[in-house]
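Everything below belongs to start-v7.txt, which stores compact mmCIF, C-alpha atoms.
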```
# COMPACT_ATOMS: atom_id res chain seq x y z
CA MET Y 1 -2.59 32.89 1.26
CA VAL Y 2 -2.13 29.18 0.50
CA ASP Y 3 1.15 28.33 -1.22
CA ALA Y 4 1.20 26.14 -4.32
CA LEU Y 5 3.11 22.84 -4.35
CA GLY Y 6 4.16 21.71 -7.80
CA VAL Y 7 3.59 17.96 -8.11
CA ALA Y 8 4.34 15.36 -10.75
CA VAL Y 9 3.11 11.79 -11.21
CA ILE Y 10 5.44 9.20 -12.75
CA GLY Y 11 3.59 6.19 -14.14
CA PHE Y 12 -0.04 6.63 -15.11
CA GLY Y 13 -1.79 3.33 -14.70
CA TRP Y 14 -4.63 2.95 -12.23
CA MET Y 15 -2.52 3.95 -9.22
CA GLY Y 16 -1.23 7.05 -10.98
CA ARG Y 17 -4.83 8.11 -11.48
CA VAL Y 18 -5.61 7.45 -7.81
CA HIS Y 19 -2.70 9.67 -6.70
CA THR Y 20 -3.75 12.40 -9.11
CA GLN Y 21 -7.32 12.41 -7.87
CA ALA Y 22 -6.13 12.42 -4.26
CA TYR Y 23 -4.11 15.58 -4.89
CA ALA Y 24 -7.13 17.22 -6.54
CA ARG Y 25 -9.41 16.39 -3.61
CA LEU Y 26 -7.14 17.72 -0.86
CA PRO Y 27 -8.57 21.28 -0.78
CA HIS Y 28 -12.09 19.90 -0.36
CA HIS Y 29 -11.30 17.65 2.60
CA TYR Y 30 -8.45 19.65 4.16
CA PRO Y 31 -9.12 23.31 3.36
CA ARG Y 32 -6.71 24.55 6.04
CA LEU Y 33 -3.71 22.71 4.62
CA ALA Y 34 -0.88 25.21 4.17
CA LEU Y 35 0.08 23.89 0.73
CA ARG Y 36 -2.18 23.28 -2.26
CA PRO Y 37 -0.97 20.78 -4.88
CA ARG Y 38 -0.68 22.01 -8.46
CA LEU Y 39 -0.54 19.29 -11.14
CA VAL Y 40 2.57 20.25 -13.10
CA THR Y 41 3.55 17.24 -15.18
CA VAL Y 42 2.83 13.56 -15.76
CA ALA Y 43 5.34 11.02 -17.09
CA GLU Y 44 4.37 7.73 -18.74
CA GLU Y 45 6.33 5.79 -21.36
CA VAL Y 46 3.28 4.25 -23.09
CA PRO Y 47 2.68 6.44 -26.18
CA GLY Y 48 -0.22 8.85 -25.78
CA ARG Y 49 -1.05 7.92 -22.18
CA ALA Y 50 0.67 10.92 -20.55
CA GLU Y 51 -0.95 13.35 -23.00
CA GLU Y 52 -4.35 11.81 -22.34
CA ALA Y 53 -3.81 12.11 -18.58
CA ALA Y 54 -2.76 15.74 -18.91
CA GLU Y 55 -5.87 16.59 -20.91
CA ARG Y 56 -8.21 14.70 -18.64
CA PHE Y 57 -6.84 15.73 -15.24
CA GLY Y 58 -5.31 19.13 -15.91
CA PHE Y 59 -1.54 18.60 -15.77
CA VAL Y 60 0.30 21.54 -17.30
CA SER Y 61 2.59 19.28 -19.33
CA ALA Y 62 3.27 15.64 -20.21
CA THR Y 63 6.36 13.59 -21.04
CA ARG Y 64 7.40 10.03 -21.84
CA ASP Y 65 10.74 10.45 -20.00
CA TRP Y 66 10.62 10.50 -16.20
CA ARG Y 67 14.12 12.02 -16.11
CA GLU Y 68 12.64 15.28 -17.30
CA VAL Y 69 10.69 15.44 -14.03
CA ALA Y 70 13.90 15.37 -11.97
CA ALA Y 71 15.20 18.36 -13.92
CA ASP Y 72 11.93 20.34 -13.82
CA PRO Y 73 12.21 23.33 -11.42
CA ARG Y 74 8.41 23.63 -11.29
CA VAL Y 75 8.16 20.29 -9.46
CA GLN Y 76 8.69 20.10 -5.70
CA ALA Y 77 6.99 16.76 -5.00
CA VAL Y 78 6.68 13.54 -7.00
CA SER Y 79 4.39 10.51 -6.89
CA VAL Y 80 6.10 7.34 -8.12
CA THR Y 81 3.51 4.84 -9.33
CA ALA Y 82 5.63 3.14 -12.00
CA PRO Y 83 6.35 -0.62 -12.08
CA ASN Y 84 8.33 -2.04 -9.15
CA PHE Y 85 11.64 -2.50 -10.95
CA LEU Y 86 11.83 1.27 -11.56
CA HIS Y 87 11.17 2.34 -7.97
CA ARG Y 88 14.78 2.36 -6.80
CA GLU Y 89 16.18 4.25 -9.79
CA ILE Y 90 13.38 6.81 -9.90
CA GLY Y 91 13.11 7.21 -6.13
CA VAL Y 92 16.83 7.84 -5.67
CA ALA Y 93 16.94 10.22 -8.64
CA MET Y 94 14.01 12.28 -7.36
CA ALA Y 95 15.43 12.54 -3.85
CA GLU Y 96 18.84 13.56 -5.20
CA ALA Y 97 17.07 16.23 -7.26
CA GLY Y 98 15.54 17.60 -4.05
CA LYS Y 99 12.00 16.38 -4.74
CA HIS Y 100 9.75 15.18 -1.93
CA LEU Y 101 8.68 11.61 -2.60
CA TRP Y 102 5.36 9.75 -2.37
CA ILE Y 103 6.20 6.28 -3.60
CA GLU Y 104 4.13 3.15 -3.86
CA LYS Y 105 5.13 -0.01 -2.07
CA PRO Y 106 7.09 -2.26 -2.16
CA VAL Y 107 9.68 0.47 -3.05
CA GLY Y 108 11.70 -1.73 -5.37
CA LEU Y 109 12.36 -5.44 -5.61
CA THR Y 110 14.26 -6.04 -2.36
CA ALA Y 111 15.03 -4.57 1.04
CA ALA Y 112 18.28 -3.24 -0.45
CA ASP Y 113 16.24 -1.24 -2.97
CA ALA Y 114 13.99 0.20 -0.25
CA ARG Y 115 17.03 1.04 1.88
CA ALA Y 116 18.70 2.83 -1.03
CA VAL Y 117 15.66 5.06 -1.52
CA ALA Y 118 15.35 5.66 2.23
CA ASP Y 119 19.03 6.66 2.43
CA ALA Y 120 18.66 9.04 -0.53
CA VAL Y 121 15.61 10.70 1.04
CA ALA Y 122 17.40 11.09 4.39
CA GLU Y 123 20.57 12.48 2.79
CA ALA Y 124 18.61 14.96 0.67
CA GLY Y 125 16.54 16.12 3.65
CA VAL Y 126 13.26 15.70 1.77
CA GLN Y 127 10.04 14.09 2.95
CA GLY Y 128 9.13 10.54 1.96
CA THR Y 129 5.77 8.78 2.18
CA VAL Y 130 4.95 5.17 1.21
CA GLY Y 131 1.65 3.79 -0.07
CA PHE Y 132 0.64 1.56 2.84
CA ASN Y 133 -2.91 2.87 2.63
CA TYR Y 134 -4.80 0.27 4.69
CA ARG Y 135 -3.34 1.52 7.97
CA ASN Y 136 -5.03 4.88 7.16
CA ALA Y 137 -8.53 3.46 7.61
CA PRO Y 138 -10.09 5.14 10.67
CA ALA Y 139 -11.28 1.76 11.93
CA VAL Y 140 -7.73 0.36 11.73
CA GLU Y 141 -6.40 3.34 13.67
CA SER Y 142 -9.12 2.79 16.26
CA ALA Y 143 -8.16 -0.88 16.51
CA ARG Y 144 -4.56 0.10 17.12
CA GLU Y 145 -5.58 2.46 19.92
CA LEU Y 146 -7.76 -0.23 21.48
CA ILE Y 147 -4.90 -2.74 21.40
CA ALA Y 148 -2.32 -0.26 22.73
CA SER Y 149 -4.59 0.79 25.60
CA GLY Y 150 -4.96 -2.80 26.80
CA GLY Y 151 -8.62 -2.88 25.81
CA ILE Y 152 -8.41 -6.54 24.80
CA GLY Y 153 -5.76 -7.47 27.36
CA THR Y 154 -2.36 -8.78 26.30
CA VAL Y 155 -2.35 -9.73 22.62
CA THR Y 156 -1.88 -13.46 22.17
CA HIS Y 157 -2.29 -14.02 18.44
CA VAL Y 158 -3.37 -12.41 15.16
CA ARG Y 159 -4.47 -13.60 11.75
CA ILE Y 160 -4.02 -11.31 8.75
CA ARG Y 161 -5.47 -12.24 5.36
CA LEU Y 162 -5.19 -10.68 1.91
CA PHE Y 163 -7.08 -12.74 -0.66
CA SER Y 164 -7.89 -11.49 -4.14
CA ASP Y 165 -8.89 -12.86 -7.54
CA TYR Y 166 -7.23 -10.25 -9.77
CA ALA Y 167 -4.84 -12.88 -11.18
CA ALA Y 168 -7.16 -15.89 -10.96
CA HIS Y 169 -8.15 -15.94 -14.64
CA PRO Y 170 -5.83 -18.29 -16.56
CA ASP Y 171 -5.89 -15.86 -19.51
CA SER Y 172 -4.53 -12.94 -17.47
CA ALA Y 173 -1.76 -11.27 -19.46
CA LEU Y 174 1.86 -12.11 -18.59
CA THR Y 175 2.80 -8.56 -17.59
CA TRP Y 176 5.83 -7.32 -15.64
CA ARG Y 177 4.04 -8.30 -12.44
CA TYR Y 178 4.80 -11.97 -13.07
CA GLU Y 179 8.51 -11.56 -13.89
CA ARG Y 180 11.31 -11.71 -11.31
CA GLU Y 181 13.45 -9.10 -13.07
CA ARG Y 182 10.74 -6.44 -13.29
CA GLY Y 183 8.15 -7.46 -10.71
CA GLY Y 184 10.42 -8.99 -8.09
CA SER Y 185 8.34 -11.08 -5.74
CA GLY Y 186 4.73 -11.67 -6.72
CA VAL Y 187 2.04 -11.68 -4.08
CA LEU Y 188 4.72 -10.92 -1.46
CA GLY Y 189 5.35 -7.41 -2.77
CA ASP Y 190 1.83 -6.79 -3.99
CA LEU Y 191 -0.35 -7.94 -1.07
CA ALA Y 192 1.77 -9.42 1.72
CA SER Y 193 3.66 -6.11 1.98
CA HIS Y 194 0.39 -4.53 3.18
CA GLY Y 195 -0.12 -7.40 5.61
CA VAL Y 196 3.36 -6.98 7.08
CA ASP Y 197 2.77 -3.24 7.51
CA LEU Y 198 -0.57 -3.86 9.23
CA ALA Y 199 1.03 -6.46 11.51
CA ARG Y 200 3.75 -4.06 12.60
CA PHE Y 201 1.36 -1.09 12.84
CA LEU Y 202 -0.95 -3.03 15.16
CA LEU Y 203 1.41 -5.25 17.15
CA GLY Y 204 4.97 -3.99 16.80
CA ASP Y 205 8.09 -5.59 15.39
CA ILE Y 206 8.24 -9.12 14.01
CA ALA Y 207 11.07 -11.18 15.56
CA ALA Y 208 11.02 -14.37 13.46
CA LEU Y 209 9.00 -16.15 10.78
CA THR Y 210 8.66 -19.21 8.63
CA ALA Y 211 6.92 -19.13 5.25
CA ASP Y 212 5.75 -21.26 2.34
CA THR Y 213 4.97 -20.02 -1.17
CA ALA Y 214 3.42 -21.52 -4.31
CA VAL Y 215 2.64 -20.75 -7.94
CA PHE Y 216 -0.81 -22.06 -8.87
CA VAL Y 217 -1.07 -20.62 -12.41
CA PRO Y 218 2.35 -21.52 -13.87
CA GLN Y 219 1.86 -20.07 -17.39
CA ARG Y 220 0.19 -17.00 -18.83
CA ALA Y 221 -0.13 -15.47 -22.30
CA ARG Y 222 2.19 -12.66 -23.35
CA PRO Y 223 0.27 -9.47 -24.28
CA ALA Y 224 0.46 -8.20 -27.84
CA GLY Y 225 0.77 -4.55 -26.77
CA ALA Y 226 0.65 -2.16 -23.82
CA THR Y 227 -1.62 -3.23 -20.98
CA ALA Y 228 -3.22 -1.54 -17.99
CA GLY Y 229 -4.47 -3.11 -14.79
CA HIS Y 230 -5.02 -6.86 -14.96
CA ALA Y 231 -5.94 -7.29 -18.62
CA LEU Y 232 -6.56 -10.61 -20.37
CA ALA Y 233 -4.39 -11.84 -23.25
CA SER Y 234 -6.10 -14.96 -24.56
CA GLY Y 235 -4.27 -16.64 -27.44
CA GLY Y 236 -0.89 -14.98 -26.91
CA GLU Y 237 2.39 -16.86 -26.74
CA PRO Y 238 2.58 -18.58 -23.33
CA GLY Y 239 5.35 -17.78 -20.88
CA PRO Y 240 6.26 -18.89 -17.35
CA VAL Y 241 5.05 -17.16 -14.18
CA GLU Y 242 8.27 -16.55 -12.26
CA ASN Y 243 7.00 -15.34 -8.88
CA GLU Y 244 4.59 -16.61 -6.28
CA ASP Y 245 0.77 -16.58 -6.36
CA TYR Y 246 0.45 -17.54 -2.70
CA VAL Y 247 2.24 -17.12 0.62
CA GLY Y 248 1.43 -18.55 4.03
CA CYS Y 249 3.54 -17.37 6.97
CA LEU Y 250 3.81 -18.00 10.72
CA LEU Y 251 4.98 -14.97 12.71
CA ARG Y 252 6.57 -14.46 16.11
CA PHE Y 253 6.39 -10.91 17.40
CA ALA Y 254 8.92 -9.26 19.68
CA SER Y 255 6.10 -8.94 22.22
CA GLY Y 256 5.68 -12.71 22.36
CA ALA Y 257 2.46 -12.74 20.36
CA ARG Y 258 2.03 -15.21 17.52
CA GLY Y 259 0.57 -14.60 14.08
CA VAL Y 260 -0.51 -16.03 10.76
CA LEU Y 261 -0.26 -14.01 7.55
CA GLU Y 262 -1.75 -15.43 4.37
CA ALA Y 263 -1.99 -13.78 0.95
CA CYS Y 264 -3.09 -14.99 -2.47
CA ARG Y 265 -3.71 -13.27 -5.80
CA VAL Y 266 -5.51 -16.20 -7.48
CA SER Y 267 -8.28 -16.86 -4.93
CA VAL Y 268 -11.40 -17.55 -7.00
CA GLY Y 269 -14.45 -16.15 -5.23
CA GLU Y 270 -12.47 -13.62 -3.20
CA GLN Y 271 -12.64 -9.95 -4.12
CA ASN Y 272 -10.33 -7.86 -1.93
CA ASN Y 273 -10.89 -10.00 1.14
CA TYR Y 274 -8.41 -8.15 3.33
CA GLY Y 275 -8.57 -7.98 7.08
CA PHE Y 276 -7.37 -9.10 10.47
CA GLU Y 277 -8.47 -10.73 13.72
CA VAL Y 278 -6.46 -9.80 16.81
CA HIS Y 279 -7.03 -11.84 19.97
CA GLY Y 280 -6.01 -10.89 23.50
CA THR Y 281 -6.33 -12.28 26.99
CA ARG Y 282 -9.59 -10.36 27.62
CA GLY Y 283 -11.06 -9.77 24.18
CA ALA Y 284 -10.62 -9.44 20.43
CA VAL Y 285 -10.94 -6.97 17.57
CA PHE Y 286 -11.86 -7.79 13.96
CA TRP Y 287 -11.65 -5.75 10.72
CA ASP Y 288 -12.70 -6.48 7.13
CA PHE Y 289 -11.67 -4.01 4.40
CA ARG Y 290 -14.93 -4.67 2.55
CA ARG Y 291 -16.76 -3.25 5.59
CA MET Y 292 -14.07 -0.67 6.08
CA ASN Y 293 -15.82 1.55 8.59
CA GLU Y 294 -16.79 -1.23 11.00
CA LEU Y 295 -15.00 -3.04 13.78
CA GLY Y 296 -16.01 -6.22 15.52
CA VAL Y 297 -15.10 -5.77 19.17
CA SER Y 298 -15.28 -8.24 22.05
CA ARG Y 299 -14.17 -7.10 25.49
CA GLY Y 300 -15.15 -7.54 29.10
CA THR Y 301 -14.63 -10.13 31.82
CA ALA Y 302 -16.81 -13.00 30.63
CA TYR Y 303 -14.04 -14.78 28.69
CA GLN Y 304 -16.18 -17.74 27.68
CA ASP Y 305 -19.23 -16.95 25.47
CA GLN Y 306 -18.26 -13.26 25.46
CA PRO Y 307 -20.26 -11.52 22.70
CA VAL Y 308 -18.89 -9.49 19.76
CA SER Y 309 -20.35 -6.05 19.06
CA THR Y 310 -20.28 -4.23 15.73
CA VAL Y 311 -18.91 -0.72 16.13
CA TYR Y 312 -19.37 1.88 13.37
CA VAL Y 313 -16.46 4.27 13.62
CA GLY Y 314 -17.25 7.98 13.41
CA PRO Y 315 -15.73 11.46 13.46
CA ASP Y 316 -13.59 10.74 16.51
CA ALA Y 317 -11.72 7.97 14.68
CA GLY Y 318 -8.64 8.83 12.65
CA GLU Y 319 -9.40 11.15 9.71
CA PHE Y 320 -13.07 10.16 9.44
CA ALA Y 321 -14.32 13.69 10.19
CA ALA Y 322 -12.62 15.03 7.06
CA PHE Y 323 -14.94 12.90 4.94
CA GLN Y 324 -18.21 12.17 6.74
CA PRO Y 325 -20.25 13.86 9.51
CA GLY Y 326 -21.33 10.81 11.48
CA ALA Y 327 -20.91 7.09 12.06
CA GLY Y 328 -22.55 4.79 9.55
CA ASN Y 329 -21.63 6.98 6.56
CA ALA Y 330 -19.26 5.02 4.35
CA MET Y 331 -15.73 5.87 3.32
CA GLY Y 332 -13.98 4.07 0.46
CA TYR Y 333 -10.58 3.03 -0.88
CA ASP Y 334 -9.80 6.30 -2.67
CA ASP Y 335 -10.42 8.19 0.59
CA LEU Y 336 -7.51 6.29 2.14
CA LYS Y 337 -5.23 7.68 -0.57
CA VAL Y 338 -6.55 11.20 0.10
CA ILE Y 339 -5.54 10.72 3.75
CA GLU Y 340 -2.14 9.54 2.55
CA ALA Y 341 -1.79 12.57 0.26
CA HIS Y 342 -2.75 14.86 3.13
CA ARG Y 343 -0.10 13.41 5.43
CA PHE Y 344 2.49 13.66 2.65
CA VAL Y 345 1.74 17.31 1.91
CA ARG Y 346 1.48 18.14 5.61
CA SER Y 347 4.90 16.57 6.14
CA ILE Y 348 6.30 18.89 3.46
CA ALA Y 349 4.54 21.95 4.89
CA GLU Y 350 5.68 21.35 8.47
CA GLY Y 351 9.06 19.73 7.85
CA ARG Y 352 8.31 16.61 9.91
CA SER Y 353 6.95 13.19 9.03
CA TYR Y 354 3.28 12.26 9.30
CA GLY Y 355 2.00 8.83 8.34
CA THR Y 356 4.12 6.14 6.70
CA THR Y 357 7.79 6.74 5.95
CA LEU Y 358 10.60 5.07 4.00
CA ALA Y 359 11.64 3.45 7.29
CA ASP Y 360 8.32 1.59 7.25
CA ALA Y 361 9.07 0.46 3.69
CA VAL Y 362 12.48 -0.87 4.75
CA HIS Y 363 10.93 -2.79 7.66
CA SER Y 364 8.30 -4.33 5.40
CA ALA Y 365 10.79 -5.23 2.67
CA THR Y 366 13.13 -6.84 5.21
CA VAL Y 367 10.31 -9.10 6.38
CA LEU Y 368 9.39 -9.95 2.76
CA ASP Y 369 13.00 -10.92 2.03
CA ALA Y 370 12.93 -13.15 5.12
CA MET Y 371 9.73 -14.78 3.86
CA ALA Y 372 11.37 -15.52 0.51
CA GLU Y 373 14.45 -16.93 2.26
CA SER Y 374 12.34 -19.12 4.54
CA ALA Y 375 10.26 -20.45 1.63
CA VAL Y 376 13.47 -21.70 0.00
CA SER Y 377 15.16 -23.05 3.13
CA GLY Y 378 12.08 -24.37 4.90
CA ARG Y 379 13.37 -22.90 8.16
CA TRP Y 380 12.54 -20.17 10.64
CA VAL Y 381 14.31 -16.88 9.88
CA GLY Y 382 15.14 -14.34 12.58
CA LEU Y 383 14.82 -10.60 12.02
```

Go ahead and express the file in the form of structure tokens.
Amino acid sequence: MVDALGVAVIGFGWMGRVHTQAYARLPHHYPRLALRPRLVTVAEEVPGRAEEAAERFGFVSATRDWREVAADPRVQAVSVTAPNFLHREIGVAMAEAGKHLWIEKPVGLTAADARAVADAVAEAGVQGTVGFNYRNAPAVESARELIASGGIGTVTHVRIRLFSDYAAHPDSALTWRYERERGGSGVLGDLASHGVDLARFLLGDIAALTADTAVFVPQRARPAGATAGHALASGGEPGPVENEDYVGCLLRFASGARGVLEACRVSVGEQNNYGFEVHGTRGAVFWDFRRMNELGVSRGTAYQDQPVSTVYVGPDAGEFAAFQPGAGNAMGYDDLKVIEAHRFVRSIAEGRSYGTTLADAVHSATVLDAMAESAVSGRWVGL
């Protein structure tokens, strides 16, 4: 007999839908999971959006007030996919109410916010998972194993890139994402947070950094009403963009390796160009999110003119076998969130953490704060 796990989703934009669909898919990909999510309630302050989500996806109830979720005895686990400025308040409240927490990064506006949520989760004795989904790609997990095993020798340097065009249009609406008070940092929290997590996942702790940031689209139009995603708002009253469009950062790892992390949300011609190149003393490994199930691998003893082979990861890599029967069959973005949901629910079922934790969120946020500090001071910042 599989036990039911009452779940709620707070915030129903695109990411709220992704979490909801991930819960619904769990029994198909992980039929032996000891808990089966039951969609209990959805909370969203935009009028009508929660009711629409409940009707479309099968939630038992809907509300505009997320506080009702904390008081709902039917709910044991909560996904927090609301705007960044609400993450600390909601995350702490849900943990204090005894709810297990799956929360999207960057878990608030600062490292202090992330630490507050992490402390609340630890004190309540509940499980906490964070939405660093790119590390869940089977190819990324294979790259980590290759690096850890010494397959490319001692790592010397890495380049991590996260380029996107979602904010490149000058008529993109001036939503909360572009405000310091509600969005916090811009591309730091949105994209560079993933890059920091990948860097630490692959190579270990970052010891010091220096960063530079820039705003390339300084004004945007205020939207006339509620928005979703990255909507346009041509003709609205203009307002200032308060957080960064771009960050470039030099990294020094505790291991002695060096790195470059670059992220931009206004890169015309770049659609989700996320990836890394890790170089070692005897080889290298390359990954591009847009070819998510492939790795470029160079290893051997030739050193000079050593070739790079394309490797299609298969059922022996990460969670690939839960989705496809053999190498060369594609997985996609939403599958990474199903993996994340599985590790969250498994953590609840077994009482121990699988996958990303609030500690990972604190580490990432601490590095982001250091990047912001360095961009102002123009100096290296130790961690």

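With CA of Leu174 in chain Y on one side and CA of Gly13 in chain Y on the other, the separation reads 16.3 Å.
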
Near-range 145-156 of chain Y list (6 Å; all atoms listed in the file; drop same-chain fewer than 3 positions) as number ranges by chain: Y: 142, 257, 279-284, 299

Any chance you could work out the axis-aligned box around range 42-59 of chain Y, listed atoms only, 6 Å on each side, giving centre and edge lengths in Å to one decimal, as lines of an AutoDock Vina configuration file?
```
center_x = -0.9
center_y = 11.7
center_z = -20.7
size_x = 26.5
size_y = 26.9
size_z = 22.9
```

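Closest approach to Gly16 in chain Y from the set Y:Gly189, Y:Gly183, Y:Pro83, Y:Gly48 is made by Y:Pro83, with distances taken over only C-alpha atoms.
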
Point-to-point distance from CA of Pro218 in chain Y to CA of Glu242 in chain Y, Å rounded to tenths: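 One can read the CA of Pro218 in chain Y to CA of Glu242 in chain Y distance as 7.9 Å.
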
Proximity to Asn133 in chain Y - best of Y:Asp205, Y:Asp113, Y:Asp369, Y:Glu340, only C-alpha atoms: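 Among the listed residues, the smallest separation from Asn133 in chain Y belongs to Y:Glu340.
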
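Put simply, CA of Ala139 in chain Y is 19.7 Å away from CA of Phe163 in chain Y.
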
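Using all atoms listed in the file, the shortest contact distance between Thr356 in chain Y and any of Y:Ala321, Y:Ala302, Y:Ala330, Y:Ile103 is found at Y:Ile103.
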
Top pick for closest residue to Ala34 in chain Y, considering Y:Gly58, Y:Gly328, Y:Gly351, Y:Gly275 and counting only C-alpha atoms: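 Checking each of Y:Gly58, Y:Gly328, Y:Gly351, Y:Gly275 against Ala34 in chain Y, counting only C-alpha atoms, the winner is Y:Gly351.
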
Residues within 12 Å of (10.8, -12.2, -12.9), counting all atoms listed in the file, listed as a PyMOL selection string: chain Y and resi 84-85+109+174-186+239-244

Contacts of Phe289 in chain Y within 12 Å, only C-alpha atoms, excl. fewer than 3 positions in-chain, as a PyMOL selection string: chain Y and resi 133-140+160-164+271-277+286+292-295+330-333+336

Neighbour list for Ala93 in chain Y as a list in words, cut-off 10 Å, all atoms listed in the file, skip fewer than 2 positions in-chain: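 In the requested form, the answer reads Trp66, Arg67, Val69, Ala70, Ala71, His87, Arg88, Glu89, Ile90, Gly91, Ala95, Glu96, Ala97, Gly98, Lys99, Val117, Ala120 and Val121 of chain Y.
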
Radius query 12 Å about (13.4, -17.6, -2.2), atoms used: all atoms listed in the file, as an NGL selection string: :Y and (110 or 180 or 184-186 or 188 or 210-214 or 242-244 or 247 or 368-379)

Which of Y:Leu101, Y:Leu261, Y:Leu39, Y:Val60 sits closest to Val345 in chain Y [using all atoms listed in the file]: Y:Leu101

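Of the residues under consideration (Y:Arg32, Y:Arg49, Y:His19, Y:Arg64), Y:His19 shows the shortest atom-to-atom contact distance to Glu104 in chain Y when counting only C-alpha atoms.
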
Val42 in chain Y surroundings by only C-alpha atoms, 6 Å radius, close-in-sequence under 3 positions cut, as an mmCIF file with C-alpha atoms, in the frame of the given file:
```cif
data_model
loop_
_atom_site.group_PDB
_atom_site.id
_atom_site.type_symbol
_atom_site.label_atom_id
_atom_site.label_comp_id
_atom_site.auth_asym_id
_atom_site.auth_seq_id
_atom_site.Cartn_x
_atom_site.Cartn_y
_atom_site.Cartn_z
ATOM 1 C CA ALA Y 8 4.340 15.360 -10.750
ATOM 2 C CA VAL Y 9 3.110 11.790 -11.210
ATOM 3 C CA ILE Y 10 5.440 9.200 -12.750
ATOM 4 C CA ALA Y 50 0.670 10.920 -20.550
ATOM 5 C CA ALA Y 62 3.270 15.640 -20.210
#
```

Since the input has fewer atoms than a full residue there, write range 159-171 of chain Y out with N, CA, C and O atoms, as a compact mmCIF listing (two decimals), in the frame of the given file.
```txt
# COMPACT_ATOMS: atom_id res chain seq x y z
N ARG Y 159 -4.43 -13.04 13.09
CA ARG Y 159 -4.47 -13.60 11.75
C ARG Y 159 -4.73 -12.46 10.77
O ARG Y 159 -5.70 -11.71 10.94
N ILE Y 160 -3.89 -12.35 9.77
CA ILE Y 160 -4.02 -11.31 8.75
C ILE Y 160 -4.18 -11.99 7.41
O ILE Y 160 -3.39 -12.89 7.05
N ARG Y 161 -5.19 -11.60 6.65
CA ARG Y 161 -5.47 -12.24 5.36
C ARG Y 161 -5.57 -11.18 4.27
O ARG Y 161 -6.08 -10.08 4.49
N LEU Y 162 -5.06 -11.54 3.09
CA LEU Y 162 -5.19 -10.68 1.91
C LEU Y 162 -5.42 -11.60 0.71
O LEU Y 162 -4.49 -12.09 0.08
N PHE Y 163 -6.69 -11.85 0.42
CA PHE Y 163 -7.08 -12.74 -0.66
C PHE Y 163 -7.74 -11.94 -1.78
O PHE Y 163 -8.64 -11.12 -1.52
N SER Y 164 -7.31 -12.19 -3.00
CA SER Y 164 -7.89 -11.49 -4.14
C SER Y 164 -7.93 -12.42 -5.35
O SER Y 164 -7.21 -13.42 -5.40
N ASP Y 165 -8.75 -12.06 -6.33
CA ASP Y 165 -8.89 -12.86 -7.54
C ASP Y 165 -8.37 -12.15 -8.78
O ASP Y 165 -8.62 -12.57 -9.90
N TYR Y 166 -7.61 -11.05 -8.61
CA TYR Y 166 -7.23 -10.25 -9.77
C TYR Y 166 -6.35 -11.02 -10.76
O TYR Y 166 -6.30 -10.68 -11.93
N ALA Y 167 -5.68 -12.07 -10.29
CA ALA Y 167 -4.84 -12.88 -11.18
C ALA Y 167 -5.38 -14.30 -11.34
O ALA Y 167 -4.67 -15.18 -11.84
N ALA Y 168 -6.62 -14.52 -10.95
CA ALA Y 168 -7.16 -15.89 -10.96
C ALA Y 168 -7.47 -16.39 -12.37
O ALA Y 168 -7.43 -17.60 -12.62
N HIS Y 169 -7.78 -15.50 -13.29
CA HIS Y 169 -8.15 -15.94 -14.64
C HIS Y 169 -6.92 -16.50 -15.35
O HIS Y 169 -5.88 -15.85 -15.41
N PRO Y 170 -7.00 -17.70 -15.89
CA PRO Y 170 -5.83 -18.29 -16.56
C PRO Y 170 -5.38 -17.53 -17.80
O PRO Y 170 -4.25 -17.72 -18.26
N ASP Y 171 -6.26 -16.66 -18.34
CA ASP Y 171 -5.89 -15.86 -19.51
C ASP Y 171 -5.39 -14.46 -19.14
O ASP Y 171 -5.24 -13.61 -20.02
```
